[in-house]
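Reviewing the structure listed below.
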Amino acid sequence: MNLHDASKLSHADWQAKAAELKKTAETRLFIGGEFVDAAEGGTFDNICPVDGSIINKCAAGTEADINKAVTIAKASFKSGEWSRLAPRDRMAIMYKWADLIAQNGAELALMDTIDMGKPITDMVEVDIPMCIDTIQYFAECIDKITGTVTATEYDVMSTVLREPIGVVGCISPWNYPLLMALWKIAPSLAAGNSTILKPAEQSPLSCNRVAELFVEAGGPSGALQVVNGMGEQAGQALARHMEVSKISFTGSTEVGKLIHVYSGESNMKKVSLECGGKGPQVFCEDLEGELLDRAVQTAIDGIFFNMGEVCSAGSRLIVHSKIHDEFVAKFIEMGKGAYICGDPLDPSVNLGPLVDHESQSRVLGLIETAKSEGGKVEFGGAAPAGELQKGAYIIPTMITAVNSNDTIAQLEAFGPVVAVIKVDSDDEAVEVANNSIYGLQGSVWTDNYRKAMRFAREIECGTFLVNSYEEGDMTQPFGGFKQSGNAKDMCFESLLSYTNSKAVWFRLN
Ligand code: NAD
């Protein structure tokens, strides 16, 4: 079912579809264009975060499955069936793939919702349209990749060619299961690489279906394969494989560091990392009226959307003391009831559970630590009572009186928890914003564009927004500084990162 029809479904319709999908979704590994059991026969439980029940058992790939997929990928790459396909033919297949995703939008949306608890309306209105955009953007770029002829002596022609890298391994997280995977596999495929994806074990379903649709669109079966399984097993085997030439990873900073180690201990494969964040938003003393209201509303959405499980979430609000009390009062008034926990299959619900109960306990623990360090919980701070108790829910939480070195200001919560830090000057705001191991996304809110430019230059992050947050499109590079990573997703630069540049020197005389 397409997204237009999906947008008309009721809660009961989605519940019926979910019950059916739990029985029919493909849970095996997608290797060589076929669904197969794991070589060692292992499975893992795919747990529903709404009630802790087992959705289904999924094949747990191990090193043996990765080896098999890499052998197929390498043969496919060498054959040229994808790597040497004329750019416009590759483009046509990718466009068809995007169309098939659009036609199957409801089913794909539902897979991510039942796996990780994201509200179905967000899947239908945000994630799936962005997935389609992602594939279309990189498809459009395919024949815009050009090499160069460099300036050299008269009897030499010196050229630089752009070539696909070979076998590329992609490892993705669960917070935007399909979208984060496509930010990796779409540019990798567009560049002509044979690509193997290891999705997060919390969200194994949608990537299987998307890979199947790639083959249905005419993509060769060796060009895109999906090996689900545990990170320490399937993920590590992929990152350590001697025939994998690049790993593109999105996930925690902790695992990102391991990926570097695996690369160094194996074949020095290229490593692209998109890791954690602790997004600072600075609110300057001049804010008032409509701009202040917009700033507060954007800050609310910037932390509570997607249950706060967003790497770039604006989780640190750095507020000038002159407007601090008014800002906090408005945030409480507008934010307390803005996101209400409920069944993510209900189209009116905008806050689902966290991905699992482990995350829920971690975030609740972090809130307790914040309190013990002097933070004041203005609202939230607990799991909801009543019928939602079985789920991994957290009520949206605001904590004020936070200091820049407090645990809640330093650790990525990856939940709907915002920390407010009061500052007395712009200099202090910059210092607080940069007091983090992360540098993914930040913003400033002010009517003074000269001041805004100063913050843009001085805050260390890959994406900076002025009087806005969580905006952007496919043209915009997305990726962090410091321990947020070393790569860019989306954008043309990302596509080029899935190519090698090769210098070719012709001696003509
Ligand atoms: P995670 O690091 O636990 O897992 C990410 C992926 O790595 C999963 O597929 C997992 O199976 C795999 N993995 C785990 N251990 C591994 C190992 N030893 N070897 C190889 N692979 C391994 O992260 P997560 O909890 O799934 O995702 C949340 C994190 O992702 C947050 O820190 C968030 O900020 C980050 N994230 C970053 C971006 C970005 O663009 N910067 C986007 C989304 C999420």
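Each chain in the structure tokens gets a letter, A, B and so on, in the order shown; residues start at 1 in every chain, and ligands are counted from 1 in the order they appear.
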* What residues have any atom no more than 8 Å from ligand 1 when counting only C-alpha atoms and all ligand atoms, and can you list them as an MDAnalysis selection string? -> chainID A and resid 171:176 180 198:202 229:239 249:256 258:259 273:277 309:312 412 414 440 478:480 484:485 489
Since we have the selection now, will you write its residues out, keeping N, CA and C atoms, as a compact mmCIF listing (two decimals), in the first residue's frame?
```txt
# COMPACT_ATOMS: atom_id res chain seq x y z
N ILE A 171 26.93 -0.61 8.40
CA ILE A 171 26.38 -1.05 9.69
C ILE A 171 25.49 0.08 10.20
N SER A 172 24.21 -0.25 10.46
CA SER A 172 23.26 0.84 10.75
C SER A 172 22.62 0.68 12.12
N PRO A 173 22.08 1.81 12.66
CA PRO A 173 21.43 1.80 13.98
C PRO A 173 19.92 1.59 13.84
N TRP A 174 19.22 1.62 14.95
CA TRP A 174 17.79 1.32 14.97
C TRP A 174 16.92 2.58 15.09
N ASN A 175 17.50 3.76 15.26
CA ASN A 175 16.64 4.90 15.61
C ASN A 175 15.83 5.43 14.42
N TYR A 176 16.40 5.35 13.23
CA TYR A 176 15.65 5.55 11.98
C TYR A 176 16.07 4.34 11.12
N MET A 180 18.47 5.51 8.10
CA MET A 180 19.92 5.52 8.36
C MET A 180 20.62 4.48 7.48
N LYS A 198 24.54 -4.64 7.50
CA LYS A 198 24.24 -5.31 8.77
C LYS A 198 23.37 -4.34 9.56
N PRO A 199 22.04 -4.56 9.58
CA PRO A 199 21.16 -3.64 10.33
C PRO A 199 21.27 -3.87 11.83
N ALA A 200 20.74 -2.94 12.61
CA ALA A 200 20.72 -3.11 14.06
C ALA A 200 19.80 -4.27 14.43
N GLU A 201 20.17 -5.03 15.45
CA GLU A 201 19.39 -6.20 15.83
C GLU A 201 18.02 -5.83 16.42
N GLN A 202 17.86 -4.55 16.82
CA GLN A 202 16.56 -4.11 17.35
C GLN A 202 15.56 -3.85 16.23
N GLY A 229 21.98 -9.79 12.41
CA GLY A 229 22.71 -10.54 13.45
C GLY A 229 23.23 -9.59 14.50
N MET A 230 23.90 -10.15 15.47
CA MET A 230 24.45 -9.34 16.57
C MET A 230 25.63 -8.50 16.09
N GLY A 231 25.79 -7.34 16.70
CA GLY A 231 26.90 -6.48 16.32
C GLY A 231 28.25 -7.13 16.54
N GLU A 232 28.42 -7.76 17.69
CA GLU A 232 29.74 -8.34 18.02
C GLU A 232 30.08 -9.50 17.10
N GLN A 233 29.06 -10.10 16.48
CA GLN A 233 29.34 -11.23 15.59
C GLN A 233 29.30 -10.78 14.12
N ALA A 234 28.09 -10.61 13.58
CA ALA A 234 28.00 -10.26 12.16
C ALA A 234 28.67 -8.91 11.88
N GLY A 235 28.43 -7.92 12.75
CA GLY A 235 28.99 -6.58 12.52
C GLY A 235 30.51 -6.61 12.56
N GLN A 236 31.04 -7.26 13.59
CA GLN A 236 32.49 -7.32 13.73
C GLN A 236 33.12 -8.09 12.56
N ALA A 237 32.49 -9.20 12.16
CA ALA A 237 33.05 -10.00 11.06
C ALA A 237 33.12 -9.16 9.78
N LEU A 238 32.09 -8.34 9.56
CA LEU A 238 32.07 -7.48 8.37
C LEU A 238 33.20 -6.44 8.45
N ALA A 239 33.33 -5.84 9.63
CA ALA A 239 34.32 -4.77 9.79
C ALA A 239 35.75 -5.29 9.79
N PHE A 249 29.62 3.30 8.98
CA PHE A 249 28.96 2.94 10.25
C PHE A 249 28.16 4.11 10.79
N THR A 250 26.95 3.86 11.25
CA THR A 250 26.23 4.82 12.08
C THR A 250 25.83 4.13 13.36
N GLY A 251 26.17 4.73 14.48
CA GLY A 251 25.83 4.14 15.77
C GLY A 251 26.54 4.88 16.87
N SER A 252 26.76 4.19 17.97
CA SER A 252 27.33 4.85 19.14
C SER A 252 28.82 5.16 18.93
N THR A 253 29.29 6.15 19.67
CA THR A 253 30.71 6.52 19.61
C THR A 253 31.57 5.36 20.10
N GLU A 254 31.08 4.64 21.10
CA GLU A 254 31.82 3.50 21.66
C GLU A 254 32.10 2.45 20.57
N VAL A 255 31.08 2.09 19.83
CA VAL A 255 31.28 1.07 18.78
C VAL A 255 32.05 1.68 17.60
N GLY A 256 31.81 2.95 17.33
CA GLY A 256 32.56 3.63 16.27
C GLY A 256 34.07 3.49 16.48
N LEU A 258 35.56 1.10 18.05
CA LEU A 258 35.95 -0.29 17.76
C LEU A 258 36.13 -0.52 16.26
N ILE A 259 35.29 0.14 15.47
CA ILE A 259 35.37 -0.06 14.02
C ILE A 259 36.76 0.37 13.51
N LEU A 273 32.39 7.19 9.90
CA LEU A 273 31.65 7.06 11.16
C LEU A 273 30.67 8.21 11.36
N GLU A 274 29.45 7.85 11.71
CA GLU A 274 28.43 8.83 12.15
C GLU A 274 28.01 8.40 13.54
N CYS A 275 28.41 9.12 14.57
CA CYS A 275 28.20 8.62 15.94
C CYS A 275 27.31 9.56 16.76
N GLY A 276 27.53 9.57 18.06
CA GLY A 276 26.59 10.25 18.96
C GLY A 276 26.65 11.76 18.92
N GLY A 277 25.78 12.37 19.72
CA GLY A 277 25.74 13.83 19.80
C GLY A 277 25.15 14.31 21.11
N GLU A 309 15.27 9.91 20.50
CA GLU A 309 16.26 8.95 19.99
C GLU A 309 16.78 9.46 18.65
N VAL A 310 17.45 10.60 18.72
CA VAL A 310 17.96 11.28 17.53
C VAL A 310 19.39 11.73 17.86
N CYS A 311 20.34 11.36 17.01
CA CYS A 311 21.73 11.72 17.30
C CYS A 311 21.92 13.22 17.40
N SER A 312 21.15 13.96 16.58
CA SER A 312 21.31 15.41 16.54
C SER A 312 20.31 16.13 17.45
N GLU A 412 25.12 11.28 26.25
CA GLU A 412 23.99 11.25 25.31
C GLU A 412 22.88 10.41 25.95
N PHE A 414 19.78 9.82 24.64
CA PHE A 414 19.05 9.10 23.62
C PHE A 414 17.65 8.73 24.12
N LEU A 440 28.07 17.34 16.77
CA LEU A 440 27.26 16.96 15.61
C LEU A 440 26.44 18.13 15.09
N PHE A 478 25.59 16.09 6.27
CA PHE A 478 25.21 15.79 7.65
C PHE A 478 26.26 14.89 8.28
N GLY A 479 26.92 15.38 9.31
CA GLY A 479 27.93 14.56 9.98
C GLY A 479 28.67 15.42 10.98
N GLY A 480 29.37 14.74 11.89
CA GLY A 480 29.88 15.47 13.04
C GLY A 480 31.36 15.75 13.06
N SER A 484 31.77 12.82 17.38
CA SER A 484 30.52 12.53 16.67
C SER A 484 30.79 11.85 15.33
N GLY A 485 32.04 11.79 14.92
CA GLY A 485 32.32 11.05 13.69
C GLY A 485 33.24 11.77 12.75
N ASP A 489 26.93 12.30 5.70
CA ASP A 489 25.86 11.59 5.03
C ASP A 489 25.10 12.61 4.19
```
* To do: Give me the residues within 10 Å of stretch 352-361 of chain A as number ranges by chain, counting only C-alpha atoms and dropping any in the same chain fewer than 3 places off.
  => A: 47-52, 113, 115-120, 174-175, 202-203, 305-309, 339-346, 349, 364-367, 382-383, 388, 390-395, 413-416
* **Residues within 12 Å of A:Ile66, only C-alpha atoms, excluding chain neighbours under 6 positions, as a PyMOL selection string** => chain A and resi 29-32+38-40+60+72-74+167+169+195-198+225-230+233-244
* Near A:Glu285, counting only C-alpha atoms, which residues have an atom at most 9 Å away, once you skip same-chain residues fewer than 5 positions from it, shown as a list in words? ->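 Residues near the query, excluding close chain neighbours: Val319, His320, Ser321, Lys322, Ile323, His324, Ser425, Asp426 and Thr446 of chain A.
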* Pick out the residues sitting within 12 Å of A:Leu291, and hand them over as a list in words; count only C-alpha atoms, and ignore anything fewer than 5 positions along from it in its own chain. => Phe283, Cys284, Glu285, Asp286, Val296, Gln297, Thr298, Phe327, Val444, Trp445, Thr446, Asp447, Asn448, Val466, Asn467 and Ser468 of chain A
* To do: Enumerate, as a ChimeraX atom specification, the complete set of residues in stretch 413-443 of chain A that a backbone-based DSSP assignment places in strand (DSSP E or B).
  => /A:417-423,438-439,441-443
* Report the distance between atom CA of A:Asp89 and atom CA of A:Asn67 in Å, rounded to one decimal place. =>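 Distance between the two atoms: 29.0 Å.
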Nearby residues (only C-alpha atoms) at most 12 Å from A:Ser194, same-chain spacing under 3 positions excluded, as a compact mmCIF listing (two decimals) with N, CA and C atoms, in the first residue's frame:
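File produced: result_21.txt:
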```
# COMPACT_ATOMS: atom_id res chain seq x y z
N GLY A 32 22.80 -13.29 -1.75
CA GLY A 32 22.77 -13.76 -3.14
C GLY A 32 21.37 -13.73 -3.74
N ALA A 69 28.51 -13.84 2.01
CA ALA A 69 28.01 -12.62 1.34
C ALA A 69 29.17 -11.87 0.68
N VAL A 70 30.33 -11.83 1.33
CA VAL A 70 31.46 -11.09 0.74
C VAL A 70 31.94 -11.79 -0.53
N THR A 71 31.97 -13.13 -0.53
CA THR A 71 32.38 -13.85 -1.74
C THR A 71 31.45 -13.51 -2.91
N ILE A 72 30.17 -13.50 -2.63
CA ILE A 72 29.19 -13.17 -3.69
C ILE A 72 29.36 -11.71 -4.13
N ALA A 73 29.53 -10.82 -3.15
CA ALA A 73 29.66 -9.39 -3.47
C ALA A 73 30.91 -9.14 -4.32
N LYS A 74 31.98 -9.83 -3.98
CA LYS A 74 33.22 -9.63 -4.71
C LYS A 74 33.10 -10.11 -6.16
N ALA A 75 32.47 -11.27 -6.31
CA ALA A 75 32.28 -11.81 -7.67
C ALA A 75 31.39 -10.86 -8.48
N SER A 76 30.37 -10.34 -7.83
CA SER A 76 29.46 -9.41 -8.51
C SER A 76 30.23 -8.15 -8.94
N PHE A 77 31.07 -7.66 -8.04
CA PHE A 77 31.83 -6.44 -8.35
C PHE A 77 32.76 -6.67 -9.54
N LYS A 78 33.45 -7.81 -9.50
CA LYS A 78 34.41 -8.13 -10.57
C LYS A 78 33.70 -8.33 -11.90
N SER A 79 32.51 -8.90 -11.86
CA SER A 79 31.79 -9.17 -13.10
C SER A 79 31.38 -7.87 -13.79
N GLY A 80 31.30 -6.79 -13.02
CA GLY A 80 30.89 -5.50 -13.60
C GLY A 80 29.40 -5.36 -13.80
N GLU A 81 28.62 -6.37 -13.36
CA GLU A 81 27.16 -6.32 -13.60
C GLU A 81 26.53 -5.08 -12.98
N TRP A 82 27.12 -4.55 -11.93
CA TRP A 82 26.64 -3.31 -11.32
C TRP A 82 27.73 -2.25 -11.37
N SER A 83 28.95 -2.64 -11.03
CA SER A 83 30.04 -1.66 -10.92
C SER A 83 30.35 -0.99 -12.25
N ARG A 84 30.12 -1.71 -13.35
CA ARG A 84 30.44 -1.12 -14.66
C ARG A 84 29.20 -0.83 -15.50
N PRO A 164 34.38 3.11 -8.27
CA PRO A 164 33.81 2.49 -7.07
C PRO A 164 34.92 1.79 -6.28
N ILE A 165 34.68 1.59 -5.00
CA ILE A 165 35.72 1.08 -4.12
C ILE A 165 35.83 -0.44 -4.15
N GLY A 166 34.70 -1.12 -4.26
CA GLY A 166 34.70 -2.59 -4.24
C GLY A 166 33.56 -3.10 -3.38
N VAL A 167 33.90 -3.91 -2.38
CA VAL A 167 32.85 -4.39 -1.45
C VAL A 167 32.79 -3.41 -0.28
N VAL A 168 31.62 -2.85 -0.06
CA VAL A 168 31.42 -1.90 1.03
C VAL A 168 30.48 -2.51 2.07
N GLY A 169 30.89 -2.45 3.32
CA GLY A 169 30.03 -2.92 4.42
C GLY A 169 29.39 -1.74 5.11
N CYS A 170 28.08 -1.83 5.34
CA CYS A 170 27.36 -0.76 6.03
C CYS A 170 26.77 -1.33 7.32
N ILE A 185 23.57 2.83 2.18
CA ILE A 185 23.57 1.92 1.02
C ILE A 185 23.21 2.64 -0.28
N ALA A 186 22.42 3.69 -0.21
CA ALA A 186 22.06 4.37 -1.48
C ALA A 186 23.28 5.02 -2.14
N PRO A 187 24.11 5.81 -1.42
CA PRO A 187 25.30 6.34 -2.10
C PRO A 187 26.30 5.26 -2.46
N SER A 188 26.40 4.23 -1.62
CA SER A 188 27.34 3.15 -1.93
C SER A 188 26.95 2.47 -3.24
N LEU A 189 25.66 2.18 -3.38
CA LEU A 189 25.19 1.55 -4.63
C LEU A 189 25.30 2.52 -5.80
N ALA A 190 24.93 3.76 -5.58
CA ALA A 190 24.99 4.75 -6.67
C ALA A 190 26.41 4.83 -7.23
N ALA A 191 27.40 4.70 -6.35
CA ALA A 191 28.80 4.79 -6.79
C ALA A 191 29.26 3.50 -7.48
N LEU A 197 24.80 -4.94 3.99
CA LEU A 197 24.27 -4.19 5.13
C LEU A 197 24.09 -5.11 6.33
N GLY A 219 18.07 -4.67 -9.81
CA GLY A 219 19.44 -4.65 -9.28
C GLY A 219 19.99 -6.07 -9.20
N PRO A 220 21.27 -6.26 -9.50
CA PRO A 220 21.84 -7.61 -9.40
C PRO A 220 21.84 -8.11 -7.96
N SER A 221 21.65 -9.42 -7.81
CA SER A 221 21.50 -9.96 -6.45
C SER A 221 22.80 -9.89 -5.65
N GLY A 222 23.94 -9.75 -6.32
CA GLY A 222 25.19 -9.63 -5.57
C GLY A 222 25.53 -8.20 -5.19
N ALA A 223 24.72 -7.24 -5.68
CA ALA A 223 25.05 -5.83 -5.42
C ALA A 223 24.55 -5.36 -4.06
N LEU A 224 23.46 -5.95 -3.57
CA LEU A 224 22.96 -5.55 -2.25
C LEU A 224 22.51 -6.78 -1.47
N GLN A 225 23.14 -7.02 -0.34
CA GLN A 225 22.78 -8.15 0.51
C GLN A 225 22.60 -7.64 1.94
N VAL A 226 21.78 -8.36 2.71
CA VAL A 226 21.52 -7.94 4.09
C VAL A 226 21.78 -9.12 5.02
N GLU A 243 38.43 -8.61 2.66
CA GLU A 243 38.01 -8.24 1.30
C GLU A 243 36.99 -7.10 1.29
N VAL A 244 36.68 -6.57 2.45
CA VAL A 244 35.78 -5.42 2.51
C VAL A 244 36.65 -4.16 2.48
N SER A 245 36.37 -3.27 1.54
CA SER A 245 37.27 -2.13 1.34
C SER A 245 36.85 -0.87 2.07
N LYS A 246 35.61 -0.86 2.54
CA LYS A 246 35.17 0.31 3.33
C LYS A 246 34.07 -0.14 4.27
N TYR A 498 32.25 7.24 -1.32
CA TYR A 498 32.12 5.82 -1.70
C TYR A 498 32.87 5.53 -3.01
N THR A 499 33.76 6.45 -3.39
CA THR A 499 34.59 6.23 -4.58
C THR A 499 36.07 6.36 -4.19
```
